[in-house]
Every structure is written in C-alpha cells, then in structure tokens.
Amino acid sequence: MAELDLAEVNQRLESAEPPQILEWAWQQFAPRIAATSSFQSQSLPLLHMITRVTPEMPVFFLDTGFHFQETLEFRDRLMAEWGLRVQNLSAEMGHVAFGRQYGQLHNTNPDLCCFINKVEPLRLAKAGLDAWITGIRRDQTDTRRDATIVSLERDGAYKICPMLNWTKQDVWRYINRHELPVHPLLSQGYMSIGCAPCTRPIVDGEDERSGRWAGTNKTECGLHLDSTPKKG
Ligand code: SF4
C-alpha cells in the first residue's frame, strides 16, 4: 500500500462530491477496503452511491445482538433489492455467551458494551484491510466537526469519510430525489438509530442524535474515537 500525503489528498478531496471520493478510494485501495453501515435512514445515500459507483465494495454491519428487529429487516431488504455485499460482524464470544457473561452491560458500562460488540469486531475485520469507509458527517456531533476526509488510524488503516461535508438537508434532498426507502421506525421519531436499549425517538427541536444514549454523556460508540474503555 502506498503511503498517502494526507495534507495533499485532503486538500484535493475537500471539495469533491461523495461519489468521486468513493471512486478515488476504490481505485486506491481495492480490494483491501470495506464500508461500514448502521442501516438507518441517513445511511441510505452512501449505500445507494456504493451500489452505483463501487458495487463490489463489502459493507460491514455491526450485529451487536441489540438491534431493533426493524433494522435487521431493513438491512435484509436492501441486501436483496440493491445487491449490497453485506458482511455481519459480531463479538467473537457470540450473543448468547455475551448475555450470559455480561447481562445488561449497556446499563452499567455502555462504553465496554460498545467496545466488545462494535469496536473489537471491526478492529478484527479491519486487520485484513488498508482502508475503511464510513458515512459520518461533520454536522452530526462536536467530536466529528474536526474530522478530515482521509485520516490514518492507529492500527495503520486509512479512514475515509465521503459524506463528511454533507448536511442533514443534503441527505434528505438525496433520499427524496432518488425516492429511496427509509427505516421503518423513522415515522415514530427515530431520526438516528443504533441499538434498541440505547436509542429513543426524538421530539421536535431536538438534534438528530439526541436519542442516542439519552441521559448520559456518551455520544459515540467508540468506532470514531480510537480509544479503549476501562473494564468494571
Ligand atoms: S449501543 Fe448500547 S447495546 Fe449497542 S453495543 Fe453500545 S452500549 Fe451495547
């Protein structure tokens, strides 16, 4: 894998449209590249662009064992209708053993729960990759505001964010223009959807991610933080 001049690449890609960034990433890293998706409504533009620009790209889904049934059905529907090459990633110990050993860990130590069910499975899957694609946007959280389109992570893989400069309005313009399906729970107020125990619907005036880990200081699952939580 060739080492990138990150300053030069980011300057060039900062004004590029998401499909151009996807195409560049595929040309640069295929086949050692994959995308991740949580299969919520706002994931749809990136998934749709993948079907058009880089249809061979694998799409990782972090199957924590705590998703809404509607999310799993939405993922399956998009796989079938769009031909997405989805790979489910789970904790090595499996959902049953996790429940037996940790029970309701999301109530007592959500950082560790996310680490076991999301961060570690992705870390293992990324061991065979040079780059991964994620759909995060700068307008979603304060921690994402300073992200760059391409960055080098501690594990040596490049992280590429084609949607970084899009706004919530851009996402919905794209969904409406292409008449894309939306997550079945959107109509019940779930603007941003993660695991069922850690997601609630939002009300008018709240920002789209305020239903995630509501009532706690947690705003990220850890995939975008590059850190390890404390046990206990
Ligand atoms: S979002 Fe909640 S249930 Fe899902 S892995 Fe994180 S803490 Fe566990």
# chains A, B, ... in the order shown; residues from 1 in each chain; ligands from 1
>>> residues_near_ligand(ligand="ligand 1", cutoff="6 Å", atoms="only C-alpha atoms and all ligand atoms", output="PyMOL selection string")
chain A and resi 64+66+106+110+113-114+117+194-195+197-198+221
>>> write_last_selection(atoms="C-alpha atoms", output="PDB file, in the first residue's frame")
ATOM      1  CA  THR A  64     -24.459  -6.360  18.244  1.00  0.00           C
ATOM      2  CA  PHE A  66     -29.267  -5.491  20.383  1.00  0.00           C
ATOM      3  CA  HIS A 106     -25.332  -1.375  28.319  1.00  0.00           C
ATOM      4  CA  PRO A 110     -22.048   1.171  27.802  1.00  0.00           C
ATOM      5  CA  CYS A 113     -20.544  -2.928  25.771  1.00  0.00           C
ATOM      6  CA  CYS A 114     -19.840  -0.915  22.598  1.00  0.00           C
ATOM      7  CA  ASN A 117     -19.824  -5.567  20.332  1.00  0.00           C
ATOM      8  CA  GLY A 194     -28.486   2.361  16.965  1.00  0.00           C
ATOM      9  CA  CYS A 195     -29.125  -0.498  19.386  1.00  0.00           C
ATOM     10  CA  PRO A 197     -31.684  -0.285  24.546  1.00  0.00           C
ATOM     11  CA  CYS A 198     -29.656   2.844  23.768  1.00  0.00           C
ATOM     12  CA  CYS A 221     -19.975   4.179  20.221  1.00  0.00           C
TER      13      CYS A 221
END
>>> residues_around(residues="Val171 in chain A", least_positions_apart="5", cutoff="10 Å", atoms="only C-alpha atoms", output="VMD selection string")
chain A and resid 41 to 46 163 166 176 to 177
>>> select_by_dssp(residues="range 51-177 of chain A", states="alpha helix (DSSP H)", output="number ranges by chain")
A: 51-53, 69-82, 94-102, 105-108, 110-114, 120-126, 168-177
>>> write_last_selection(atoms="N, CA and C atoms", output="compact mmCIF listing (two decimals), in the first residue's frame")
# COMPACT_ATOMS: atom_id res chain seq x y z
N THR A 51 -23.79 1.25 -4.47
CA THR A 51 -24.37 0.37 -5.50
C THR A 51 -24.07 0.90 -6.90
N ARG A 52 -23.94 2.22 -7.01
CA ARG A 52 -23.73 2.82 -8.34
C ARG A 52 -22.25 2.95 -8.72
N VAL A 53 -21.42 3.24 -7.73
CA VAL A 53 -20.03 3.60 -8.05
C VAL A 53 -19.06 2.46 -7.75
N GLN A 69 -35.58 -5.18 15.56
CA GLN A 69 -35.91 -6.15 14.50
C GLN A 69 -36.10 -5.41 13.17
N GLU A 70 -36.66 -4.20 13.25
CA GLU A 70 -36.91 -3.42 12.02
C GLU A 70 -35.60 -3.09 11.30
N THR A 71 -34.52 -2.87 12.06
CA THR A 71 -33.23 -2.57 11.43
C THR A 71 -32.71 -3.80 10.68
N LEU A 72 -32.86 -4.96 11.31
CA LEU A 72 -32.37 -6.20 10.66
C LEU A 72 -33.17 -6.47 9.38
N GLU A 73 -34.46 -6.22 9.45
CA GLU A 73 -35.29 -6.45 8.26
C GLU A 73 -34.97 -5.43 7.16
N PHE A 74 -34.68 -4.20 7.57
CA PHE A 74 -34.33 -3.15 6.60
C PHE A 74 -33.00 -3.50 5.92
N ARG A 75 -32.04 -3.96 6.71
CA ARG A 75 -30.74 -4.42 6.15
C ARG A 75 -30.98 -5.53 5.13
N ASP A 76 -31.79 -6.52 5.51
CA ASP A 76 -32.03 -7.66 4.61
C ASP A 76 -32.74 -7.22 3.33
N ARG A 77 -33.66 -6.27 3.48
CA ARG A 77 -34.37 -5.78 2.30
C ARG A 77 -33.41 -5.08 1.33
N LEU A 78 -32.53 -4.25 1.87
CA LEU A 78 -31.59 -3.53 1.00
C LEU A 78 -30.57 -4.48 0.37
N MET A 79 -30.16 -5.49 1.12
CA MET A 79 -29.26 -6.50 0.54
C MET A 79 -29.91 -7.16 -0.66
N ALA A 80 -31.18 -7.54 -0.49
CA ALA A 80 -31.88 -8.27 -1.55
C ALA A 80 -32.18 -7.36 -2.74
N GLU A 81 -32.64 -6.13 -2.47
CA GLU A 81 -33.09 -5.27 -3.56
C GLU A 81 -31.94 -4.54 -4.25
N TRP A 82 -30.88 -4.24 -3.51
CA TRP A 82 -29.79 -3.45 -4.08
C TRP A 82 -28.55 -4.29 -4.36
N GLY A 94 -19.97 -14.40 20.72
CA GLY A 94 -21.35 -14.65 20.30
C GLY A 94 -22.35 -13.98 21.23
N HIS A 95 -23.57 -13.79 20.74
CA HIS A 95 -24.58 -13.05 21.51
C HIS A 95 -25.02 -13.78 22.77
N VAL A 96 -25.15 -15.10 22.69
CA VAL A 96 -25.65 -15.86 23.85
C VAL A 96 -24.62 -15.82 24.98
N ALA A 97 -23.37 -16.08 24.65
CA ALA A 97 -22.32 -16.06 25.67
C ALA A 97 -22.15 -14.66 26.24
N PHE A 98 -22.30 -13.64 25.39
CA PHE A 98 -22.20 -12.26 25.88
C PHE A 98 -23.29 -12.00 26.92
N GLY A 99 -24.52 -12.40 26.60
CA GLY A 99 -25.63 -12.19 27.53
C GLY A 99 -25.40 -12.92 28.85
N ARG A 100 -24.86 -14.12 28.76
CA ARG A 100 -24.62 -14.92 29.96
C ARG A 100 -23.54 -14.26 30.83
N GLN A 101 -22.49 -13.78 30.18
CA GLN A 101 -21.37 -13.23 30.96
C GLN A 101 -21.62 -11.79 31.42
N TYR A 102 -22.25 -10.99 30.56
CA TYR A 102 -22.33 -9.55 30.87
C TYR A 102 -23.75 -9.04 31.14
N LEU A 105 -25.10 -5.12 30.16
CA LEU A 105 -23.90 -4.30 30.28
C LEU A 105 -24.13 -2.87 29.78
N HIS A 106 -25.06 -2.72 28.84
CA HIS A 106 -25.33 -1.38 28.32
C HIS A 106 -25.85 -0.44 29.40
N ASN A 107 -26.43 -1.00 30.49
CA ASN A 107 -26.91 -0.16 31.60
C ASN A 107 -25.78 0.25 32.53
N THR A 108 -24.79 -0.62 32.69
CA THR A 108 -23.75 -0.37 33.70
C THR A 108 -22.45 0.16 33.11
N PRO A 110 -21.78 1.17 29.25
CA PRO A 110 -22.05 1.17 27.80
C PRO A 110 -20.79 1.28 26.95
N ASP A 111 -19.75 1.94 27.48
CA ASP A 111 -18.51 2.04 26.68
C ASP A 111 -17.91 0.66 26.46
N LEU A 112 -17.92 -0.16 27.52
CA LEU A 112 -17.38 -1.51 27.37
C LEU A 112 -18.28 -2.37 26.48
N CYS A 113 -19.60 -2.18 26.62
CA CYS A 113 -20.54 -2.93 25.77
C CYS A 113 -20.28 -2.61 24.29
N CYS A 114 -20.13 -1.31 23.98
CA CYS A 114 -19.84 -0.91 22.60
C CYS A 114 -18.47 -1.44 22.17
N GLU A 120 -14.27 -3.95 18.83
CA GLU A 120 -13.41 -5.12 18.64
C GLU A 120 -13.73 -5.89 17.35
N PRO A 121 -15.01 -6.19 17.09
CA PRO A 121 -15.31 -6.88 15.82
C PRO A 121 -14.81 -6.11 14.60
N LEU A 122 -14.96 -4.77 14.63
CA LEU A 122 -14.47 -4.01 13.48
C LEU A 122 -12.94 -4.03 13.43
N ARG A 123 -12.32 -3.96 14.58
CA ARG A 123 -10.84 -4.00 14.60
C ARG A 123 -10.34 -5.30 13.96
N LEU A 124 -10.98 -6.41 14.31
CA LEU A 124 -10.56 -7.70 13.75
C LEU A 124 -10.80 -7.75 12.24
N ALA A 125 -11.95 -7.24 11.81
CA ALA A 125 -12.24 -7.25 10.37
C ALA A 125 -11.29 -6.33 9.60
N LYS A 126 -10.90 -5.23 10.24
CA LYS A 126 -10.01 -4.27 9.57
C LYS A 126 -8.58 -4.79 9.45
N LYS A 168 -27.53 17.46 7.08
CA LYS A 168 -28.77 16.69 7.19
C LYS A 168 -29.69 17.00 6.00
N GLN A 169 -29.71 18.28 5.60
CA GLN A 169 -30.57 18.67 4.47
C GLN A 169 -30.11 18.01 3.17
N ASP A 170 -28.79 17.92 2.97
CA ASP A 170 -28.26 17.25 1.77
C ASP A 170 -28.72 15.79 1.74
N VAL A 171 -28.67 15.14 2.91
CA VAL A 171 -29.06 13.72 2.99
C VAL A 171 -30.52 13.55 2.57
N TRP A 172 -31.38 14.42 3.10
CA TRP A 172 -32.81 14.26 2.79
C TRP A 172 -33.14 14.69 1.36
N ARG A 173 -32.39 15.66 0.84
CA ARG A 173 -32.58 16.02 -0.58
C ARG A 173 -32.27 14.82 -1.46
N TYR A 174 -31.18 14.11 -1.15
CA TYR A 174 -30.76 12.95 -1.95
C TYR A 174 -31.80 11.83 -1.83
N ILE A 175 -32.23 11.55 -0.59
CA ILE A 175 -33.23 10.49 -0.37
C ILE A 175 -34.50 10.78 -1.16
N ASN A 176 -34.94 12.03 -1.12
CA ASN A 176 -36.18 12.38 -1.82
C ASN A 176 -36.00 12.37 -3.34
N ARG A 177 -34.84 12.89 -3.81
CA ARG A 177 -34.61 12.94 -5.26
C ARG A 177 -34.58 11.54 -5.86
>>> select_by_dssp(residues="range 66-185 of chain A", states="strand (DSSP E or B)", output="list of chain:residue names")
A:His67, A:Arg85, A:Val86, A:Gln87, A:Asn88, A:Leu89, A:Ala131, A:Trp132, A:Ile133, A:Val150, A:Ser151, A:Leu152, A:Tyr158, A:Lys159, A:Ile160
>>> residues_around(residues="Thr54 in chain A", least_positions_apart="4", cutoff="9 Å", atoms="only C-alpha atoms", output="list in words")
Pro19, Leu22, Glu23, Trp26, Met49 and Ile50 of chain A
>>> atom_distance(atom1="CA of Thr199 in chain A", atom2="CA of Asp146 in chain A")
25.0 Å
>>> atom_distance(atom1="CA of Leu13 in chain A", atom2="CA of Ile33 in chain A")
17.9 Å
>>> closest_residue(among="A:His224, A:Arg137, A:Arg12, A:Lys218", to="Glu153 in chain A", atoms="only C-alpha atoms")
A:His224
>>> atom_distance(atom1="CA of Leu129 in chain A", atom2="CA of Leu152 in chain A")
12.6 Å
>>> closest_residue(among="A:Pro181, A:Gly156, A:Pro31, A:Gly128", to="Leu47 in chain A", atoms="only C-alpha atoms")
A:Pro181
>>> residues_around(residues="Met1 in chain A", least_positions_apart="6", cutoff="9 Å", atoms="only C-alpha atoms", output="PyMOL selection string")
chain A and resi 28-29+130
